file run_3.csv (CSV, C-alpha atoms and all ligand atoms)
chain,number,residue,atom,x,y,z
A,87,MET,CA,91.2,77.7,130.4
A,88,LYS,CA,90.3,76.1,133.7
A,89,TYR,CA,87.6,74.2,135.5
A,90,ILE,CA,85.3,76.5,137.5
A,91,ASN,CA,82.8,74.4,139.6
A,92,LYS,CA,83.8,71.3,137.5
A,93,LYS,CA,82.9,73.1,134.3
A,94,LEU,CA,85.6,73.8,131.8
A,95,SER,CA,85.7,77.5,131.2
A,96,ILE,CA,87.4,79.9,128.7
A,97,GLU,CA,87.9,83.1,130.7
A,98,LYS,CA,84.5,83.5,132.4
A,99,VAL,CA,82.4,81.4,129.9
A,100,ALA,CA,81.6,77.7,130.4
A,101,VAL,CA,82.3,75.6,127.4
A,102,GLU,CA,79.1,73.7,127.9
A,103,ASN,CA,77.1,76.9,127.5
A,104,ILE,CA,79.0,77.9,124.3
A,105,ALA,CA,78.3,74.4,122.9
A,106,LYS,CA,74.6,74.6,123.7
A,107,LYS,CA,74.1,78.1,122.3
A,108,TYR,CA,76.4,78.0,119.2
A,109,LYS,CA,76.3,74.3,118.5
A,110,THR,CA,79.5,72.3,117.6
A,111,PRO,CA,82.1,72.0,116.3
A,112,THR,CA,83.1,75.5,117.4
A,113,TYR,CA,86.4,77.4,117.5
A,114,CYS,CA,86.8,79.6,120.6
A,115,TYR,CA,89.7,82.0,121.2
A,116,SER,CA,90.6,83.7,124.5
A,117,TYR,CA,91.4,87.4,124.1
A,118,ARG,CA,93.1,87.5,127.4
A,119,GLN,CA,95.5,84.7,126.4
A,120,LEU,CA,96.3,86.5,123.1
A,121,LYS,CA,97.1,89.7,124.9
A,122,GLU,CA,99.3,87.8,127.4
A,123,ASN,CA,101.2,86.0,124.6
A,124,ILE,CA,102.0,89.2,122.8
A,125,ARG,CA,103.0,90.9,126.1
A,126,ASN,CA,105.3,88.0,126.9
A,127,PHE,CA,106.8,87.9,123.4
A,128,LYS,CA,107.6,91.6,123.6
A,129,LYS,CA,109.0,91.3,127.0
A,130,ASN,CA,111.4,88.4,126.0
A,131,PHE,CA,113.1,90.7,123.5
A,132,LYS,CA,112.5,94.1,124.9
A,133,SER,CA,116.1,95.3,124.9
A,134,PHE,CA,116.2,95.6,121.1
A,135,SER,CA,112.5,96.2,120.5
A,136,PRO,CA,112.0,94.1,117.3
A,137,LEU,CA,109.3,94.5,114.7
A,138,ILE,CA,107.0,91.6,115.4
A,139,CYS,CA,105.1,90.5,112.2
A,140,PHE,CA,102.3,88.0,113.0
A,141,SER,CA,102.5,85.1,110.6
A,142,VAL,CA,99.0,85.3,109.1
A,143,LYS,CA,99.0,81.8,107.7
A,144,SER,CA,98.7,80.5,111.2
A,145,ASN,CA,95.4,82.1,111.6
A,146,THR,CA,93.6,84.2,108.9
A,147,ASN,CA,90.6,85.4,110.9
A,148,VAL,CA,90.3,89.1,110.0
A,149,ASN,CA,88.9,90.0,113.4
A,150,LEU,CA,91.8,88.3,115.2
A,151,ILE,CA,94.3,90.0,113.0
A,152,LYS,CA,92.6,93.3,113.8
A,153,GLU,CA,93.1,92.6,117.5
A,154,ILE,CA,96.7,91.5,117.0
A,155,GLY,CA,97.3,94.7,115.0
A,156,LYS,CA,95.8,96.8,117.8
A,157,LEU,CA,98.3,95.2,120.2
A,158,GLY,CA,101.1,96.5,118.1
A,159,LEU,CA,102.1,93.7,115.7
A,160,GLY,CA,102.6,93.8,112.0
A,161,ALA,CA,102.1,90.9,109.6
A,162,ASP,CA,104.1,88.3,107.7
A,163,VAL,CA,102.1,87.1,104.7
A,164,VAL,CA,102.7,84.4,102.1
A,165,SER,CA,100.1,85.1,99.4
A,166,MET,CA,98.0,87.9,97.9
A,167,GLY,CA,95.0,86.7,99.9
A,168,GLU,CA,96.9,87.0,103.1
A,169,LEU,CA,98.3,90.4,102.1
A,170,MET,CA,94.8,91.6,101.4
A,171,ILE,CA,93.4,90.4,104.7
A,172,ALA,CA,96.3,92.0,106.6
A,173,ILE,CA,95.5,95.3,105.0
A,174,LYS,CA,91.8,94.8,105.6
A,175,ALA,CA,92.5,94.2,109.2
A,176,GLY,CA,94.2,97.6,109.4
A,177,ILE,CA,97.8,96.5,109.5
A,178,LYS,CA,100.0,99.3,108.1
A,179,PRO,CA,101.7,98.3,104.9
A,180,LYS,CA,105.0,99.5,106.4
A,181,LYS,CA,104.6,96.7,109.0
A,182,ILE,CA,104.0,93.9,106.4
A,183,VAL,CA,106.6,91.5,105.0
A,184,PHE,CA,105.9,89.1,102.2
A,185,SER,CA,107.5,85.6,102.2
A,186,GLY,CA,107.1,82.5,100.1
A,187,VAL,CA,109.0,80.6,97.4
A,188,GLY,CA,106.4,81.0,94.6
A,189,LYS,CA,105.2,84.6,94.5
A,190,THR,CA,103.5,85.2,91.1
A,191,SER,CA,103.9,88.3,89.0
A,192,ASN,CA,100.4,89.3,90.0
A,193,GLU,CA,101.3,89.0,93.7
A,194,ILE,CA,104.5,90.9,93.3
A,195,ASP,CA,102.8,93.6,91.4
A,196,TYR,CA,100.1,94.0,94.1
A,197,ALA,CA,102.8,94.0,96.9
A,198,ILE,CA,104.7,96.8,95.1
A,199,ASP,CA,101.6,98.9,94.6
A,200,LYS,CA,100.8,98.6,98.3
A,201,ASN,CA,104.3,99.8,99.4
A,202,ILE,CA,104.9,97.1,101.9
A,203,LEU,CA,108.0,97.0,104.1
A,204,LEU,CA,109.7,94.1,102.4
A,205,ILE,CA,109.3,91.5,99.8
A,206,ASN,CA,111.5,88.6,101.0
A,207,ALA,CA,112.7,86.9,97.8
A,208,GLU,CA,113.7,83.2,97.7
A,209,SER,CA,115.4,82.8,94.4
A,210,GLU,CA,117.4,84.5,91.7
A,211,SER,CA,114.4,84.3,89.3
A,212,GLU,CA,112.2,86.0,91.8
A,213,ILE,CA,114.7,88.8,92.4
A,214,LYS,CA,114.7,89.4,88.6
A,215,GLU,CA,111.0,89.3,88.4
A,216,ILE,CA,110.7,91.9,91.2
A,217,GLU,CA,113.2,94.0,89.4
A,218,ARG,CA,111.4,93.8,86.1
A,219,ILE,CA,108.0,94.8,87.6
A,220,ALA,CA,109.6,97.6,89.7
A,221,LYS,CA,111.3,99.0,86.6
A,222,SER,CA,108.0,98.9,84.7
A,223,LYS,CA,106.5,101.0,87.5
A,224,LYS,CA,109.6,103.2,87.7
A,225,LYS,CA,109.9,102.3,91.4
A,226,LYS,CA,112.6,101.3,93.9
A,227,VAL,CA,111.4,98.3,95.8
A,228,HIS,CA,112.7,97.2,99.2
A,229,VAL,CA,113.6,93.5,99.3
A,230,GLY,CA,115.1,90.9,101.5
A,231,ILE,CA,116.8,87.7,100.5
A,232,ARG,CA,115.9,84.6,102.3
A,233,LEU,CA,118.9,82.5,103.2
A,234,ASN,CA,118.7,78.8,103.7
A,235,PRO,CA,121.2,78.4,106.5
A,236,ASN,CA,121.3,74.6,106.3
A,237,THR,CA,120.4,74.3,110.0
A,238,ASP,CA,118.4,71.4,111.4
A,239,ALA,CA,115.6,72.9,113.6
A,240,LYS,CA,115.1,69.6,115.4
A,241,THR,CA,111.4,69.7,114.8
A,242,LEU,CA,109.0,67.4,112.9
A,243,LYS,CA,110.4,66.9,109.4
A,244,GLN,CA,107.2,68.1,107.8
A,245,ILE,CA,107.6,71.5,109.4
A,246,SER,CA,111.4,71.9,109.0
A,247,THR,CA,112.4,74.5,106.5
A,248,GLY,CA,116.0,75.5,107.0
A,249,LYS,CA,117.9,72.4,105.7
A,250,LYS,CA,119.6,72.3,102.4
A,251,GLU,CA,117.1,69.7,101.1
A,252,ASN,CA,114.2,72.0,101.8
A,253,LYS,CA,112.8,74.2,99.0
A,254,PHE,CA,113.1,77.4,101.0
A,255,GLY,CA,115.5,80.3,100.6
A,256,VAL,CA,118.8,80.3,98.7
A,257,ASN,CA,122.2,78.7,99.7
A,258,GLU,CA,125.2,80.7,100.8
A,259,LYS,CA,126.8,80.9,97.4
A,260,THR,CA,123.6,82.1,95.6
A,261,PHE,CA,123.0,84.5,98.5
A,262,CYS,CA,126.4,86.2,98.0
A,263,GLU,CA,125.8,86.4,94.2
A,264,LEU,CA,122.4,88.0,94.7
A,265,VAL,CA,123.7,90.6,97.2
A,266,LYS,CA,126.2,91.7,94.5
A,267,TYR,CA,123.4,91.6,91.9
A,268,CYS,CA,121.2,93.8,94.0
A,269,LYS,CA,123.9,96.4,94.6
A,270,GLY,CA,124.0,96.9,90.8
A,271,SER,CA,120.3,97.3,90.4
A,272,LYS,CA,118.5,100.6,90.1
A,273,ASN,CA,115.1,99.3,91.1
A,274,ILE,CA,115.9,97.0,93.9
A,275,ILE,CA,117.1,98.1,97.3
A,276,LEU,CA,118.4,95.2,99.4
A,277,LYS,CA,117.3,96.0,102.9
A,278,CYS,CA,117.0,92.6,104.6
A,279,LEU,CA,118.5,89.2,105.2
A,280,SER,CA,115.7,86.8,106.2
A,281,VAL,CA,115.7,83.2,107.6
A,282,HIS,CA,113.0,80.9,108.9
A,283,ILE,CA,114.3,77.5,109.8
A,284,GLY,CA,111.1,75.7,110.8
A,285,SER,CA,108.1,75.6,113.1
A,286,GLN,CA,107.4,74.2,116.6
A,287,ILE,CA,111.0,74.7,117.7
A,288,LEU,CA,111.6,73.9,121.3
A,289,ASP,CA,115.4,73.8,121.4
A,290,HIS,CA,117.2,77.2,121.4
A,291,ARG,CA,120.4,75.7,119.9
A,292,PRO,CA,119.3,75.6,116.2
A,293,TYR,CA,118.6,79.3,116.6
A,294,GLU,CA,122.1,79.9,118.1
A,295,LYS,CA,123.6,78.0,115.2
A,296,MET,CA,121.6,80.0,112.7
A,297,LEU,CA,122.8,83.3,114.2
A,298,ARG,CA,126.4,82.2,114.0
A,299,ILE,CA,125.9,81.3,110.3
A,300,LEU,CA,124.3,84.7,109.6
A,301,ASP,CA,127.1,86.5,111.4
A,302,LYS,CA,129.6,84.7,109.2
A,303,ILE,CA,127.8,85.4,105.9
A,304,ILE,CA,127.1,89.1,106.7
A,305,ASN,CA,130.8,89.5,107.3
A,306,LYS,CA,131.6,87.8,104.0
A,307,VAL,CA,129.2,89.8,101.8
A,308,ASN,CA,130.1,93.1,103.6
A,309,HIS,CA,126.6,94.6,103.1
A,310,LYS,CA,124.8,96.8,105.6
A,311,PHE,CA,121.4,95.2,106.2
A,312,GLU,CA,118.9,97.5,107.7
A,313,PHE,CA,116.8,94.6,108.8
A,314,ILE,CA,117.5,91.0,109.9
A,315,ASP,CA,114.4,88.9,109.7
A,316,LEU,CA,114.8,85.9,111.9
A,317,GLY,CA,111.4,84.3,111.0
A,318,GLY,CA,109.2,82.6,113.6
A,319,GLY,CA,109.0,79.0,114.6
A,320,MET,CA,109.0,79.4,118.4
A,321,GLY,CA,107.3,76.3,119.8
A,322,ILE,CA,104.6,75.9,122.4
A,323,SER,CA,103.8,73.1,124.9
A,324,TYR,CA,101.1,71.0,123.4
A,325,ASN,CA,101.5,68.3,126.0
A,326,ASN,CA,102.4,68.6,129.6
A,327,ASN,CA,105.8,66.8,129.1
A,328,ASP,CA,106.9,69.1,126.2
A,329,LYS,CA,109.9,71.1,127.1
A,330,LYS,CA,109.8,74.9,126.8
A,331,LEU,CA,111.8,77.0,124.4
A,332,ASN,CA,114.5,78.9,126.3
A,333,TYR,CA,113.7,82.5,125.2
A,334,LYS,CA,116.4,83.8,127.5
A,335,ARG,CA,119.1,81.9,125.7
A,336,TYR,CA,117.7,83.0,122.3
A,337,ASN,CA,117.6,86.6,123.4
A,338,ILE,CA,121.2,86.4,124.6
A,339,ALA,CA,122.4,85.0,121.3
A,340,ILE,CA,120.6,87.8,119.4
A,341,LYS,CA,122.1,90.5,121.6
A,342,LYS,CA,125.5,89.1,121.0
A,343,PHE,CA,124.8,89.0,117.2
A,344,LEU,CA,123.6,92.6,117.4
A,345,LYS,CA,127.0,93.8,118.8
A,346,ASN,CA,128.6,93.1,115.4
A,347,ASN,CA,125.6,93.8,113.3
A,348,LYS,CA,123.6,97.0,113.9
A,349,SER,CA,120.3,96.0,112.3
A,350,LYS,CA,116.6,96.1,113.3
A,351,ILE,CA,115.4,92.6,114.1
A,352,ILE,CA,112.1,91.4,112.6
A,353,PHE,CA,110.3,88.3,114.0
A,354,GLU,CA,107.5,86.4,112.2
A,355,PRO,CA,105.9,84.4,115.0
A,356,GLY,CA,102.6,82.6,114.3
A,357,ARG,CA,102.1,79.6,116.6
A,358,SER,CA,103.6,81.3,119.7
A,359,ILE,CA,101.2,84.2,119.5
A,360,ILE,CA,97.9,82.4,118.6
A,361,GLY,CA,98.4,78.6,119.2
A,362,ASP,CA,97.3,78.3,122.8
A,363,THR,CA,94.5,80.9,122.5
A,364,GLY,CA,92.2,78.5,120.6
A,365,THR,CA,90.0,75.6,121.6
A,366,LEU,CA,87.9,73.4,119.4
A,367,VAL,CA,84.6,72.4,121.1
A,368,SER,CA,83.0,69.2,119.8
A,369,LYS,CA,80.3,66.7,120.7
A,370,VAL,CA,80.5,63.0,121.0
A,371,ILE,CA,78.2,61.5,118.4
A,372,TYR,CA,78.7,57.8,119.0
A,373,ILE,CA,80.7,55.5,121.2
A,374,LYS,CA,81.5,52.3,119.4
A,375,LYS,CA,83.2,49.2,120.9
A,376,SER,CA,85.2,47.3,118.4
A,377,GLY,CA,87.2,44.4,119.7
A,378,ARG,CA,89.3,45.9,122.5
A,379,LYS,CA,89.0,49.4,121.3
A,380,ASN,CA,86.5,52.1,122.3
A,381,PHE,CA,86.1,54.5,119.5
A,382,VAL,CA,84.7,57.9,120.4
A,383,ILE,CA,83.3,59.5,117.2
A,384,ILE,CA,83.1,63.2,117.6
A,385,ASN,CA,81.5,65.8,115.3
A,386,ALA,CA,84.8,67.6,114.6
A,387,ALA,CA,86.9,66.0,111.9
A,388,MET,CA,90.2,66.4,110.0
A,389,ASN,CA,88.6,69.0,107.7
A,390,ASP,CA,88.0,71.2,110.8
A,391,PHE,CA,91.4,70.5,112.4
A,392,MET,CA,94.0,68.9,110.3
A,393,ARG,CA,97.2,68.9,112.3
A,394,PRO,CA,96.9,65.4,113.7
A,395,ALA,CA,96.1,63.9,110.2
A,396,LEU,CA,98.7,66.1,108.4
A,397,TYR,CA,101.7,66.0,110.8
A,398,GLY,CA,100.8,63.3,113.3
A,399,ALA,CA,100.5,66.1,115.8
A,400,SER,CA,99.2,65.3,119.2
A,401,HIS,CA,96.8,67.6,121.1
A,402,LYS,CA,95.4,67.5,124.6
A,403,MET,CA,91.7,66.8,124.9
A,404,LEU,CA,89.5,67.7,127.9
A,405,PRO,CA,85.9,67.0,128.9
A,406,SER,CA,83.6,70.0,129.2
A,407,VAL,CA,82.4,68.8,132.6
A,408,LYS,CA,84.3,66.8,135.3
A,409,LYS,CA,82.0,64.0,136.4
A,410,ASN,CA,81.8,62.5,139.8
A,411,THR,CA,82.9,59.1,138.7
A,412,ASN,CA,86.0,57.1,139.3
A,413,SER,CA,85.5,55.0,136.2
A,414,LYS,CA,88.3,55.6,133.7
A,415,LYS,CA,88.7,54.2,130.2
A,416,THR,CA,90.9,54.3,127.1
A,417,TYR,CA,89.4,55.9,124.0
A,418,GLU,CA,90.5,56.4,120.5
A,419,VAL,CA,89.0,59.7,119.4
A,420,VAL,CA,88.1,59.9,115.7
A,421,GLY,CA,86.1,62.1,113.4
A,422,PRO,CA,83.4,61.1,110.9
A,423,ILE,CA,85.5,61.5,107.7
A,424,CYS,CA,86.2,58.6,105.4
A,425,GLU,CA,89.9,58.5,106.0
A,426,SER,CA,91.8,56.4,108.5
A,427,THR,CA,94.0,59.4,109.4
A,428,ASP,CA,90.9,61.2,110.7
A,429,LYS,CA,91.9,60.4,114.2
A,430,PHE,CA,92.7,63.0,116.9
A,431,THR,CA,94.3,61.1,119.8
A,432,THR,CA,94.2,58.2,122.1
A,433,LEU,CA,93.0,59.2,125.6
A,434,LYS,CA,94.3,57.0,128.3
A,435,SER,CA,92.5,56.5,131.6
A,436,PHE,CA,90.1,59.3,130.7
A,437,GLN,CA,86.8,59.9,132.6
A,438,GLU,CA,84.0,57.8,131.2
A,439,LEU,CA,82.4,59.4,128.2
A,440,GLU,CA,78.8,59.2,127.0
A,441,GLU,CA,77.2,60.1,123.7
A,442,ASN,CA,76.3,63.8,123.5
A,443,ASP,CA,79.0,64.8,126.0
A,444,PHE,CA,81.1,67.8,124.9
A,445,ILE,CA,84.8,67.4,124.6
A,446,VAL,CA,87.4,70.0,123.6
A,447,ILE,CA,90.7,69.8,121.6
A,448,CYS,CA,93.2,72.2,123.1
A,449,ASP,CA,95.7,74.6,121.6
A,450,VAL,CA,94.2,74.8,118.1
A,451,GLY,CA,94.6,78.5,117.5
A,452,ALA,CA,97.5,78.1,115.1
A,453,TYR,CA,97.1,76.1,111.9
A,454,GLY,CA,93.7,75.1,113.0
A,455,MET,CA,90.9,77.0,111.2
A,456,SER,CA,93.5,78.3,108.7
A,457,LEU,CA,94.1,74.7,107.5
A,458,SER,CA,90.5,73.7,107.5
A,459,SER,CA,88.7,72.6,104.4
A,460,ASN,CA,85.3,71.4,103.1
A,461,TYR,CA,86.4,67.8,102.6
A,462,ASN,CA,83.4,65.4,102.6
A,463,LEU,CA,81.5,68.6,101.9
A,464,ARG,CA,81.4,69.6,105.5
A,465,PRO,CA,80.7,73.2,106.4
A,466,LYS,CA,83.5,75.0,108.3
A,467,PRO,CA,82.9,75.8,112.0
A,468,ILE,CA,82.0,79.1,113.6
A,469,GLU,CA,84.7,81.1,115.4
A,470,LEU,CA,84.1,83.0,118.6
A,471,LEU,CA,86.2,85.4,120.5
A,472,ILE,CA,85.8,85.3,124.3
A,473,LYS,CA,86.6,88.4,126.3
A,474,GLY,CA,85.8,87.9,130.0
A,475,SER,CA,82.2,87.0,130.0
A,476,LYS,CA,81.5,88.4,126.6
A,477,ILE,CA,81.3,86.2,123.4
A,478,LYS,CA,81.7,87.7,120.0
A,479,ILE,CA,81.1,85.9,116.7
A,480,ILE,CA,84.2,86.6,114.6
A,481,ARG,CA,83.2,84.3,111.8
A,482,LYS,CA,79.9,82.7,111.0
A,483,ARG,CA,79.4,79.0,110.7
A,484,GLN,CA,79.3,78.0,107.0
A,485,LYS,CA,75.9,76.6,106.0
A,486,HIS,CA,75.2,73.6,103.8
A,487,LYS,CA,73.5,76.0,101.4
A,488,ASP,CA,76.9,77.8,100.9
A,489,LEU,CA,78.3,74.5,99.7
A,490,VAL,CA,75.5,72.9,97.8
A,501,LIG,C1,105.1,79.7,108.7
A,501,LIG,C2,106.1,80.8,108.7
A,501,LIG,C3,106.3,81.5,109.9
A,501,LIG,C4,105.6,81.3,111.2
A,501,LIG,O1,106.0,80.1,111.8
A,501,LIG,P1,105.5,79.7,113.3
A,501,LIG,O2,106.1,78.4,113.6
A,501,LIG,O3,104.0,79.7,113.3
A,501,LIG,O4,106.0,80.8,114.2
A,501,LIG,C5,107.1,82.6,109.8
A,501,LIG,N1,107.8,82.9,108.7
A,501,LIG,C6,107.7,82.1,107.6
A,501,LIG,C7,108.4,82.5,106.4
A,501,LIG,C8,106.8,81.1,107.6
A,501,LIG,O5,106.6,80.4,106.4
call {"tool": "encode", "arguments": {"input": "run_3.csv", "output": "structure tokens"}}
result
Amino acid sequence: MKYINKKLSIEKVAVENIAKKYKTPTYCYSYRQLKENIRNFKKNFKSFSPLICFSVKSNTNVNLIKEIGKLGLGADVVSMGELMIAIKAGIKPKKIVFSGVGKTSNEIDYAIDKNILLINAESESEIKEIERIAKSKKKKVHVGIRLNPNTDAKTLKQISTGKKENKFGVNEKTFCELVKYCKGSKNIILKCLSVHIGSQILDHRPYEKMLRILDKIINKVNHKFEFIDLGGGMGISYNNNDKKLNYKRYNIAIKKFLKNNKSKIIFEPGRSIIGDTGTLVSKVIYIKKSGRKNFVIINAAMNDFMRPALYGASHKMLPSVKKNTNSKKTYEVVGPICESTDKFTTLKSFQELEENDFIVICDVGAYGMSLSSNYNLRPKPIELLIKGSKIKIIRKRQKHKDLV
């Protein structure tokens, strides 16, 4: 995304033209950025060519998943709906892994029928349920066990998943017991050890620590895991002062780990693949002065994009057109929803805004549309895929008549 003749453009299309033609709020994705992210991700770990399973919960648009599949990725899913959409998008079942603490019998049954690569179990009860269903189908099912490595990912507490107080995975003791249990089972084949310590991780050290713990445990249980699934969680720069994850150091740590453990590595990245490909275009409805505050009320709200309200996440915002003015102001950008958390950000010394201006929220590709809702009975936005100067509608705007 850059300014071409003062007009903010996604690839070769000016945001202003998109807003006028398709109305607002509108999600736009850049195909070029997506391709670039996947290329970089592969390049970072090319010496051991991992299986990269896109975390579908970060973006569930079937057309985007199709493109991601064509670029060589598999899928990491956390529900039957996500498994169905991954298959619909043409992802081969042998490239799909299924995670989650609360898979129902129905979901396990479906996953077994589809012959996916791995069901990553997160409790003793789940292992037994998978075994029961596999037995009833006279099948041998490939599973992983998710370990909770009790590692602080040094990220927002709402998106940390690898500490012992989090609900995810099993602790070391249970893990060792379950490995033994699986060895004695006729219907379960233990193929994988999986972990996922959190999201938006920008420090490589928690990953290094996690690998040291894995190494120790694998030694202890003395089981040959065909796959080691390291999860996702790689962070991106939402703000100019965010530091960048050191992929080199992570890669070095994995290579060291692989010297002792000859396994195929699986990754489950979501945000790092799709996060910075997406932009939410919105329009200023009103500007309201209240005491010393200037509220900018835009027509996108927390139902369209929930990360700021849900996690206190901060996202850059940019005007669709750079004006020839030196007048700068401070604005509090809010949506129309009846919640005080329906606030996007505070813009400091921002170019002066007017009603009907277009303004964009950056880096909304991950956990944007997939977390959207119909709260306040607001229809969900349209989604567009931009390729060069081409615009493709990849999901239609919901209409009021769909809701009422
Ligand atoms: C959410 C999730 C991911 C993806 O996390 P990102 O931070 O988007 O890379 C991967 N694996 C599991 C099990 C998850 O729950």
call {"tool": "residues_around", "arguments": {"input": "run_3.csv", "residues": "Val227 of chain A", "least_positions_apart": "6", "cutoff": "7 Å", "atoms": "all atoms listed in the file", "output": "list of chain:residue names"}}
result
A:Ile198, A:Ala220, A:Asn273, A:Ile274, A:Ile275
call {"tool": "atom_distance", "arguments": {"input": "run_3.csv", "atom1": "atom CA of Gly356 of chain A", "atom2": "atom CA of Asn389 of chain A"}}
result
20.6 Å
call {"tool": "residues_near_ligand", "arguments": {"input": "run_3.csv", "ligand": "ligand LIG 501 (chain A)", "cutoff": "10 Å", "atoms": "only C-alpha atoms and all ligand atoms", "output": "JSON, numbers by chain"}}
result
{"A": [139, 140, 141, 142, 143, 144, 145, 161, 162, 163, 164, 183, 184, 185, 186, 187, 206, 232, 245, 246, 247, 254, 255, 280, 281, 282, 283, 284, 285, 286, 287, 315, 316, 317, 318, 319, 320, 321, 322, 353, 354, 355, 356, 357, 358, 359, 360, 361, 452, 453]}
call {"tool": "atom_distance", "arguments": {"input": "run_3.csv", "atom1": "atom CA of Lys249 of chain A", "atom2": "atom CA of Glu208 of chain A"}}
result
14.1 Å
call {"tool": "closest_residue", "arguments": {"input": "run_3.csv", "among": "A:Lys240, A:Arg118, A:Lys88, A:Lys350", "to": "Val101 of chain A", "atoms": "only C-alpha atoms"}}
result
A:Lys88
call {"tool": "decode", "arguments": {"input": "run_3.csv", "residues": "segment 161-197 of chain A", "atoms": "C-alpha atoms", "output": "PDB file, in the first residue's frame"}}
result
ATOM      1  CA  ALA A 161      -4.545 -25.725   6.570  1.00  0.00           C
ATOM      2  CA  ASP A 162      -4.798 -25.717  10.342  1.00  0.00           C
ATOM      3  CA  VAL A 163      -8.447 -25.820  11.412  1.00  0.00           C
ATOM      4  CA  VAL A 164     -10.179 -25.581  14.784  1.00  0.00           C
ATOM      5  CA  SER A 165     -13.787 -26.525  14.006  1.00  0.00           C
ATOM      6  CA  MET A 166     -15.874 -28.601  11.626  1.00  0.00           C
ATOM      7  CA  GLY A 167     -16.849 -25.437   9.758  1.00  0.00           C
ATOM      8  CA  GLU A 168     -13.210 -24.555   9.174  1.00  0.00           C
ATOM      9  CA  LEU A 169     -12.425 -28.113   8.093  1.00  0.00           C
ATOM     10  CA  MET A 170     -15.298 -27.960   5.607  1.00  0.00           C
ATOM     11  CA  ILE A 171     -14.186 -24.633   4.194  1.00  0.00           C
ATOM     12  CA  ALA A 172     -10.556 -25.798   3.855  1.00  0.00           C
ATOM     13  CA  ILE A 173     -11.741 -28.836   1.872  1.00  0.00           C
ATOM     14  CA  LYS A 174     -14.085 -26.660  -0.184  1.00  0.00           C
ATOM     15  CA  ALA A 175     -11.127 -24.401  -0.988  1.00  0.00           C
ATOM     16  CA  GLY A 176      -9.350 -27.425  -2.452  1.00  0.00           C
ATOM     17  CA  ILE A 177      -6.816 -28.049   0.319  1.00  0.00           C
ATOM     18  CA  LYS A 178      -5.860 -31.743   0.269  1.00  0.00           C
ATOM     19  CA  PRO A 179      -6.948 -33.536   3.479  1.00  0.00           C
ATOM     20  CA  LYS A 180      -3.385 -34.851   3.813  1.00  0.00           C
ATOM     21  CA  LYS A 181      -2.300 -31.245   4.351  1.00  0.00           C
ATOM     22  CA  ILE A 182      -4.871 -30.467   7.051  1.00  0.00           C
ATOM     23  CA  VAL A 183      -4.339 -30.573  10.812  1.00  0.00           C
ATOM     24  CA  PHE A 184      -7.150 -30.175  13.329  1.00  0.00           C
ATOM     25  CA  SER A 185      -6.444 -28.363  16.633  1.00  0.00           C
ATOM     26  CA  GLY A 186      -8.670 -27.233  19.506  1.00  0.00           C
ATOM     27  CA  VAL A 187      -9.505 -28.101  23.129  1.00  0.00           C
ATOM     28  CA  GLY A 188     -13.160 -28.958  22.604  1.00  0.00           C
ATOM     29  CA  LYS A 189     -13.621 -31.060  19.495  1.00  0.00           C
ATOM     30  CA  THR A 190     -17.037 -32.724  19.655  1.00  0.00           C
ATOM     31  CA  SER A 191     -17.728 -36.355  18.706  1.00  0.00           C
ATOM     32  CA  ASN A 192     -19.361 -35.071  15.565  1.00  0.00           C
ATOM     33  CA  GLU A 193     -16.277 -33.096  14.595  1.00  0.00           C
ATOM     34  CA  ILE A 194     -13.919 -35.993  15.313  1.00  0.00           C
ATOM     35  CA  ASP A 195     -16.143 -38.352  13.328  1.00  0.00           C
ATOM     36  CA  TYR A 196     -16.086 -35.992  10.341  1.00  0.00           C
ATOM     37  CA  ALA A 197     -12.305 -35.473  10.548  1.00  0.00           C
TER      38      ALA A 197
END
